[in-house]
$ cat coords_39.cif   # mmCIF, C-alpha atoms
data_input
#
loop_
_atom_site.label_atom_id
_atom_site.label_comp_id
_atom_site.auth_asym_id
_atom_site.auth_seq_id
_atom_site.Cartn_x
_atom_site.Cartn_y
_atom_site.Cartn_z
CA MET A 6 0.00 0.00 0.00
CA CYS A 7 1.51 3.31 -1.06
CA ALA A 8 1.57 5.49 2.05
CA THR A 9 1.54 8.66 -0.02
CA CYS A 10 -1.63 8.22 -2.04
CA GLY A 11 -3.17 4.95 -0.82
CA CYS A 12 -3.05 3.07 -4.14
CA ASP A 13 -2.19 -0.61 -4.11
CA SER A 14 1.49 -0.68 -5.07
CA GLY A 15 1.55 -4.46 -4.82
CA SER A 16 -0.59 -4.89 -7.91
CA LYS A 17 0.84 -5.70 -11.32
CA THR A 18 1.56 -2.88 -13.73
CA THR A 19 1.20 -3.97 -17.36
CA PHE A 20 2.91 -2.33 -20.31
CA HIS A 21 1.70 -2.70 -23.91
CA LEU A 22 3.94 -1.32 -26.65
CA ILE A 23 1.94 -0.68 -29.81
CA ASP A 24 4.11 0.42 -32.73
CA LYS A 25 2.55 2.09 -35.75
CA ASN A 26 4.39 -0.44 -37.93
CA GLU A 27 2.84 -3.38 -36.13
CA ASP A 28 -0.69 -4.75 -36.04
CA HIS A 29 -0.59 -6.25 -32.58
CA SER A 30 0.47 -5.36 -29.07
CA HIS A 31 3.10 -7.00 -26.91
CA PRO A 32 2.06 -7.23 -23.26
CA HIS A 33 4.78 -7.13 -20.63
CA THR A 34 3.91 -7.57 -16.97
CA HIS A 35 6.14 -5.74 -14.57
CA ASP A 36 5.94 -6.18 -10.81
CA HIS A 37 5.85 -2.52 -9.90
CA SER A 38 6.21 -2.52 -6.16
CA HIS A 39 7.64 0.36 -4.18
CA ASP A 40 10.81 -1.06 -2.68
CA HIS A 41 11.32 0.67 0.62
CA GLU A 42 13.11 -0.56 3.70
CA HIS A 43 10.87 -0.56 6.73
CA PRO A 44 12.34 -1.00 10.18
CA HIS A 45 11.33 -4.12 12.07
CA GLY A 46 12.07 -5.66 15.42
CA HIS A 47 13.46 -3.28 18.02
CA GLU A 48 14.65 -0.58 15.67
CA HIS A 49 11.80 1.73 16.78
CA PRO A 50 12.37 3.67 19.99
CA HIS A 51 10.21 2.40 22.86
CA ASP A 52 9.16 4.20 25.99
CA HIS A 53 10.49 2.06 28.87
CA SER A 54 9.58 4.55 31.56
CA HIS A 55 7.79 3.39 34.72
CA ALA A 56 4.63 5.23 33.69
CA ALA A 57 4.53 3.54 30.33
CA VAL A 58 4.84 0.08 31.88
CA HIS A 59 2.52 0.35 34.85
CA ASN A 60 -0.08 2.94 33.86
CA HIS A 61 -3.04 0.81 32.73
CA ASN A 62 -5.53 3.69 32.71
CA HIS A 63 -4.40 5.02 29.32
CA ALA A 64 -4.37 3.50 25.86
CA PRO A 65 -0.91 2.49 24.57
CA LYS A 66 0.96 5.19 22.71
CA LYS A 67 0.92 5.05 18.90
CA THR A 68 4.00 5.77 16.85
CA ILE A 69 3.30 7.42 13.48
CA ILE A 70 6.07 7.11 10.93
CA ASP A 71 6.05 9.53 8.00
CA VAL A 72 7.22 7.60 4.92
CA GLU A 73 5.86 10.07 2.34
CA GLN A 74 9.20 11.86 2.04
CA ASP A 75 11.04 8.62 1.20
CA VAL A 76 8.45 7.60 -1.39
CA LEU A 77 8.58 10.94 -3.18
CA SER A 78 12.36 11.32 -2.95
CA GLN A 79 12.89 8.00 -4.72
CA ASN A 80 10.37 9.01 -7.38
CA ASN A 81 12.04 12.40 -7.81
CA LEU A 82 15.45 10.81 -8.35
CA LEU A 83 14.04 8.72 -11.19
CA ALA A 84 12.18 11.75 -12.54
CA GLN A 85 15.48 13.61 -12.79
CA ARG A 86 16.92 10.65 -14.67
CA ASN A 87 13.98 10.79 -17.11
CA ARG A 88 14.40 14.54 -17.47
CA GLY A 89 18.07 14.12 -18.31
CA TYR A 90 17.16 11.59 -20.99
CA PHE A 91 14.56 13.95 -22.49
CA ASP A 92 16.96 16.89 -22.46
CA ALA A 93 19.77 14.89 -24.05
CA LYS A 94 17.52 13.85 -26.93
CA ASN A 95 15.64 17.17 -27.10
CA ILE A 96 12.31 15.46 -26.42
CA LEU A 97 9.48 17.72 -25.27
CA ALA A 98 7.70 15.63 -22.62
CA LEU A 99 4.21 16.78 -21.66
CA ASN A 100 2.29 15.32 -18.72
CA LEU A 101 -1.45 15.59 -19.48
CA VAL A 102 -3.56 15.47 -16.32
CA SER A 103 -7.30 15.82 -15.69
CA SER A 104 -10.42 14.27 -14.24
CA PRO A 105 -11.87 11.27 -16.11
CA GLY A 106 -13.84 12.32 -19.18
CA SER A 107 -12.32 15.76 -19.71
CA GLY A 108 -11.31 14.91 -23.27
CA LYS A 109 -7.56 14.20 -22.96
CA THR A 110 -7.59 11.36 -25.48
CA SER A 111 -9.83 13.26 -27.90
CA LEU A 112 -7.45 16.23 -27.75
CA LEU A 113 -4.53 13.91 -28.44
CA GLU A 114 -6.29 12.27 -31.40
CA ARG A 115 -7.06 15.63 -32.98
CA THR A 116 -3.57 16.99 -32.31
CA LEU A 117 -1.75 13.94 -33.66
CA THR A 118 -3.92 13.96 -36.79
CA ASP A 119 -3.71 17.69 -37.50
CA LEU A 120 0.04 18.02 -36.86
CA LYS A 121 1.10 14.81 -38.59
CA GLY A 122 4.11 15.67 -40.74
CA ASP A 123 4.85 18.85 -38.77
CA LEU A 124 6.20 17.16 -35.62
CA GLU A 125 7.31 13.68 -34.58
CA PHE A 126 5.16 12.24 -31.77
CA ALA A 127 5.07 9.36 -29.31
CA VAL A 128 2.49 8.70 -26.61
CA ILE A 129 2.42 6.94 -23.24
CA GLU A 130 -1.13 6.12 -22.15
CA GLY A 131 -1.95 5.58 -18.48
CA ASP A 132 -5.13 3.81 -17.38
CA GLN A 133 -6.10 1.35 -14.71
CA GLN A 134 -7.42 -1.17 -17.24
CA THR A 135 -7.92 -1.78 -21.01
CA ASN A 136 -6.00 -0.73 -24.14
CA ASN A 137 -8.90 1.39 -25.41
CA ASP A 138 -7.07 4.72 -25.41
CA ALA A 139 -3.87 3.22 -26.83
CA ASP A 140 -5.89 1.70 -29.67
CA ARG A 141 -7.34 5.12 -30.48
CA ILE A 142 -3.87 6.68 -30.53
CA HIS A 143 -2.48 3.78 -32.59
CA ALA A 144 -5.16 4.46 -35.20
CA THR A 145 -3.57 7.87 -35.85
CA GLY A 146 -0.32 6.17 -36.84
CA THR A 147 1.55 7.15 -33.68
CA LYS A 148 3.83 4.93 -31.62
CA VAL A 149 2.14 4.36 -28.27
CA THR A 150 2.72 2.44 -25.05
CA GLN A 151 -0.20 1.60 -22.77
CA ILE A 152 0.51 1.39 -19.05
CA ASN A 153 -2.21 -0.34 -17.03
CA THR A 154 -1.74 0.56 -13.38
CA GLY A 155 -4.24 -1.95 -11.96
CA LYS A 156 -5.45 -0.46 -8.69
CA GLY A 157 -2.92 2.38 -8.93
CA CYS A 158 -4.33 5.89 -9.33
CA HIS A 159 -1.36 7.60 -11.00
CA LEU A 160 1.71 7.14 -13.14
CA ASP A 161 5.11 7.52 -11.52
CA ALA A 162 8.65 8.12 -12.75
CA HIS A 163 9.61 4.44 -12.59
CA MET A 164 6.73 3.47 -14.88
CA ILE A 165 7.79 6.13 -17.38
CA LEU A 166 11.42 4.97 -17.23
CA HIS A 167 10.35 1.39 -17.93
CA ALA A 168 8.09 2.47 -20.82
CA LEU A 169 10.87 4.56 -22.38
CA GLN A 170 13.19 1.57 -22.39
CA GLY A 171 10.70 -0.27 -24.58
CA MET A 172 9.50 2.45 -26.94
CA LYS A 173 12.71 4.52 -27.44
CA PRO A 174 11.21 7.79 -28.76
CA VAL A 175 13.26 9.51 -31.43
CA GLU A 176 15.27 12.68 -30.93
CA ASN A 177 13.69 16.10 -31.49
CA SER A 178 10.18 14.76 -30.88
CA VAL A 179 7.17 15.36 -28.65
CA LEU A 180 6.20 12.80 -26.02
CA PHE A 181 2.66 13.04 -24.65
CA ILE A 182 2.13 11.26 -21.33
CA GLU A 183 -1.59 10.87 -20.71
CA ASN A 184 -1.88 10.30 -16.98
CA VAL A 185 -4.58 8.35 -15.17
CA GLY A 186 -7.77 10.42 -14.81
CA ASN A 187 -7.31 11.87 -11.33
CA LEU A 188 -6.68 15.40 -10.05
CA VAL A 189 -5.21 14.36 -6.68
CA CYS A 190 -2.38 11.80 -6.68
CA PRO A 191 -0.77 12.60 -10.06
CA ALA A 192 -0.08 16.12 -8.77
CA MET A 193 2.48 14.73 -6.32
CA PHE A 194 4.48 12.60 -8.77
CA ASP A 195 7.04 14.26 -11.01
CA LEU A 196 7.53 12.13 -14.14
CA GLY A 197 10.44 14.11 -15.55
CA GLU A 198 8.19 16.13 -17.87
CA ARG A 199 9.08 19.62 -19.07
CA GLU A 200 5.48 20.84 -18.98
CA ARG A 201 2.40 19.74 -17.05
CA VAL A 202 -0.90 20.45 -18.82
CA VAL A 203 -4.12 20.28 -16.81
CA ILE A 204 -7.31 19.83 -18.81
CA ILE A 205 -10.76 20.74 -17.55
CA SER A 206 -14.01 20.53 -19.50
CA VAL A 207 -17.00 22.86 -19.23
CA THR A 208 -19.08 19.90 -18.05
CA GLU A 209 -17.17 20.07 -14.77
CA GLY A 210 -17.57 22.66 -12.03
CA ASP A 211 -15.98 26.08 -12.38
CA ASP A 212 -14.65 25.72 -8.81
CA LYS A 213 -12.36 22.82 -9.83
CA PRO A 214 -9.12 24.83 -9.43
CA LEU A 215 -10.04 25.73 -5.86
CA LYS A 216 -11.02 22.16 -4.97
CA TYR A 217 -7.85 20.65 -6.44
CA PRO A 218 -5.28 23.44 -6.01
CA ASP A 219 -2.14 21.26 -6.02
CA MET A 220 -2.75 20.12 -9.58
CA PHE A 221 -3.39 23.61 -10.91
CA HIS A 222 -0.50 25.06 -8.92
CA SER A 223 1.95 22.51 -10.38
CA SER A 224 0.77 22.93 -13.99
CA THR A 225 2.06 25.39 -16.57
CA LEU A 226 -0.93 25.31 -18.94
CA CYS A 227 -4.66 24.90 -18.35
CA ILE A 228 -6.81 23.82 -21.28
CA ILE A 229 -10.54 24.48 -20.95
CA ASN A 230 -12.08 21.89 -23.28
CA LYS A 231 -15.54 21.36 -24.82
CA ILE A 232 -16.35 25.07 -25.07
CA ASP A 233 -18.86 24.20 -27.81
CA LEU A 234 -21.10 23.00 -24.96
CA LEU A 235 -21.09 26.33 -23.09
CA PRO A 236 -24.63 27.28 -24.21
CA TYR A 237 -25.98 24.08 -22.66
CA VAL A 238 -24.22 23.88 -19.28
CA PRO A 239 -24.16 26.15 -16.18
CA PHE A 240 -20.44 26.89 -16.40
CA ASP A 241 -18.90 30.32 -15.86
CA ILE A 242 -15.72 30.35 -17.94
CA GLU A 243 -14.52 33.68 -16.56
CA LYS A 244 -15.00 32.41 -13.04
CA VAL A 245 -12.98 29.23 -13.64
CA LYS A 246 -10.15 31.28 -15.16
CA ALA A 247 -10.18 33.64 -12.18
CA ASN A 248 -10.13 30.67 -9.79
CA ALA A 249 -7.22 29.10 -11.67
CA LYS A 250 -5.27 32.36 -11.52
CA LYS A 251 -5.88 32.57 -7.77
CA VAL A 252 -4.12 29.23 -7.37
CA ASN A 253 -1.38 29.88 -9.94
CA HIS A 254 -1.04 33.39 -11.36
CA HIS A 255 1.60 32.16 -13.85
CA LEU A 256 -0.79 29.62 -15.37
CA GLU A 257 -1.45 29.99 -19.09
CA ILE A 258 -5.02 29.27 -20.21
CA ILE A 259 -6.32 28.13 -23.60
CA GLU A 260 -10.02 27.65 -24.41
CA LEU A 261 -10.81 25.15 -27.15
CA SER A 262 -13.14 22.52 -28.57
CA CYS A 263 -11.92 19.28 -30.15
CA THR A 264 -15.33 18.95 -31.82
CA SER A 265 -15.66 22.36 -33.49
CA GLY A 266 -11.94 23.06 -33.76
CA GLU A 267 -12.30 26.44 -32.06
CA GLY A 268 -9.14 27.39 -30.17
CA LEU A 269 -7.06 24.51 -31.53
CA PRO A 270 -4.69 26.83 -33.45
CA LEU A 271 -3.79 28.47 -30.12
CA TRP A 272 -2.94 25.08 -28.65
CA TYR A 273 -0.92 24.08 -31.69
CA ASN A 274 1.00 27.36 -31.62
CA TRP A 275 1.75 26.91 -27.91
CA LEU A 276 3.00 23.38 -28.61
CA LYS A 277 5.25 24.42 -31.50
CA THR A 278 6.64 27.32 -29.47
CA LYS A 279 7.62 24.93 -26.67
CA VAL A 280 9.30 22.58 -29.14
CA LEU A 281 11.44 25.44 -30.45
CA GLN A 282 12.42 26.72 -27.01
CA PRO A 283 15.97 25.73 -26.03
CA VAL A 284 16.33 23.45 -23.01
CA THR A 285 17.80 25.23 -20.01
CA ILE A 286 20.05 23.04 -17.89
#
$ encode --input "coords_39.cif" --output "structure tokens"
Amino acid sequence: MCATCGCDSGSKTTFHLIDKNEDHSHPHTHDHSHDHEHPHGHEHPHDHSHAAVHNHNHAPKKTIIDVEQDVLSQNNLLAQRNRGYFDAKNILALNLVSSPGSGKTSLLERTLTDLKGDLEFAVIEGDQQTNNDADRIHATGTKVTQINTGKGCHLDAHMILHALQGMKPVENSVLFIENVGNLVCPAMFDLGERERVVIISVTEGDDKPLKYPDMFHSSTLCIINKIDLLPYVPFDIEKVKANAKKVNHHLEIIELSCTSGEGLPLWYNWLKTKVLQPVTI
């Protein structure tokens, strides 16, 4: 059990590499357990005072051990390793995060189709189960790896490292990492990405940035998706932008619709600008 987010780290994480030149997937099961040393026996300090031994009127003392720092520090070390790999090969790695159903995969499909020939892409798909999203990405002709996290609620740097070893994205390319649909746990785990993009749809509440501040605070771009539905839903787009800016005043915001195409040129321009920006080490 991961002490940081509560997901079952003892479950199997499955990787499926689907190459655009192949017609089938190759499943690889990886035992993704968080290897941490936990003290046992008499390594914990015990209170051997007279009061602790003979006072039967009070419940025994509980010792709370904070292991979150160790979990995240190990992840961050691997994230730095991933980041070094991306920088060395000039790969723009984007971590796409959102609630389930915000339209991450639809945005990817449209982007990969519209910019085919302009940029070289690869995709890592994160879901608890199924290859559904990877199949949709594969249909665009893009190399994709599906990571099934089982009971896990987020991707971590070790999963990305393992996926990279199998897919080997080319130099001077863009790597989209579509995280598991969740606005809580993925905010804590650095994957080695250069940019974190949080996506919210107008079918969600306009108070989302205030309810999930860590995700919006750690992101560099917020995409407000499905704006073609604004006439039909009680969503205040100016309010959600104001709330997002309260959490992160540096946050860039793009409004778009994958269905109508409105706002997509702004997203594409942002993406191309990031590709052309030199990596600062």
$ resolve_selection --input "coords_39.cif" --expression "the PyMOL selection byres ((chain A and resi 83) around 8)" --output "ChimeraX atom specification"
/A:79-82,84-87,162-163,166,196-197
$ closest_residue --input "coords_39.cif" --among "A:Leu22, A:Leu169, A:Val238, A:Val202" --to "A:Thr150" --atoms "only C-alpha atoms"
A:Leu22
$ closest_residue --input "coords_39.cif" --among "A:Thr116, A:Thr208, A:Thr154, A:Asn136" --to "A:Leu271" --atoms "all atoms listed in the file"
A:Thr116
$ resolve_selection --input "coords_39.cif" --expression "the PyMOL selection byres ((chain A and resi 221) around 7)" --output "list in words"
Val203, Pro214, Tyr217, Pro218, Asp219, Met220, His222, Ser223, Ser224, Ala249, Val252 and Asn253 of chain A
$ atom_distance --input "coords_39.cif" --atom1 "atom CA of A:Glu125" --atom2 "atom CA of A:Val179"
6.2 Å
$ atom_distance --input "coords_39.cif" --atom1 "atom CA of A:Ser265" --atom2 "atom CA of A:Gly122"
22.1 Å
$ closest_residue --input "coords_39.cif" --among "A:Asn230, A:Thr110, A:Asn95, A:Asn187" --to "A:Ile258" --atoms "all atoms listed in the file"
A:Asn230
$ residues_around --input "coords_39.cif" --residues "A:Gln151" --least-positions-apart "6" --cutoff "9 Å" --atoms "all atoms listed in the file" --output "PyMOL selection string"
chain A and resi 19-23+128-132+135-136+138-140+168
$ closest_residue --input "coords_39.cif" --among "A:Asn100, A:Leu281, A:Val245, A:Lys148" --to "A:Lys173" --atoms "all atoms listed in the file"
A:Lys148
$ residues_around --input "coords_39.cif" --residues "A:Pro105" --least-positions-apart "3" --cutoff "12 Å" --atoms "only C-alpha atoms" --output "list in words"
Leu101, Val102, Gly108, Lys109, Thr110, Gly131, Asp132, Gln133, Cys158, Glu183, Asn184, Val185, Gly186, Asn187, Leu188, Val189, Val203, Ile204, Ile205, Ser206, Thr208 and Glu209 of chain A
$ closest_residue --input "coords_39.cif" --among "A:Tyr237, A:Tyr273, A:Phe126, A:Phe194" --to "A:Phe181" --atoms "only C-alpha atoms"
A:Phe126
$ atom_distance --input "coords_39.cif" --atom1 "atom CA of A:Gln134" --atom2 "atom CA of A:Gly155"
6.2 Å
$ closest_residue --input "coords_39.cif" --among "A:Asp92, A:Asp119, A:Asp241, A:Asp195" --to "A:Glu176" --atoms "only C-alpha atoms"
A:Asp92
$ resolve_selection --input "coords_39.cif" --expression "the PyMOL selection byres ((chain A and resi 243) around 12)" --output "list in words"
Val207, Asp211, Asp212, Ile229, Leu235, Phe240, Asp241, Ile242, Lys244, Val245, Lys246, Ala247, Asn248, Ala249, Lys250, Ile258 and Glu260 of chain A
$ write_last_selection --input "coords_39.cif" --atoms "C-alpha atoms" --output "CSV table (one decimal), in the coordinates of the input"
chain,number,residue,atom,x,y,z
A,207,VAL,CA,-17.0,22.9,-19.2
A,211,ASP,CA,-16.0,26.1,-12.4
A,212,ASP,CA,-14.6,25.7,-8.8
A,229,ILE,CA,-10.5,24.5,-21.0
A,235,LEU,CA,-21.1,26.3,-23.1
A,240,PHE,CA,-20.4,26.9,-16.4
A,241,ASP,CA,-18.9,30.3,-15.9
A,242,ILE,CA,-15.7,30.4,-17.9
A,244,LYS,CA,-15.0,32.4,-13.0
A,245,VAL,CA,-13.0,29.2,-13.6
A,246,LYS,CA,-10.2,31.3,-15.2
A,247,ALA,CA,-10.2,33.6,-12.2
A,248,ASN,CA,-10.1,30.7,-9.8
A,249,ALA,CA,-7.2,29.1,-11.7
A,250,LYS,CA,-5.3,32.4,-11.5
A,258,ILE,CA,-5.0,29.3,-20.2
A,260,GLU,CA,-10.0,27.6,-24.4
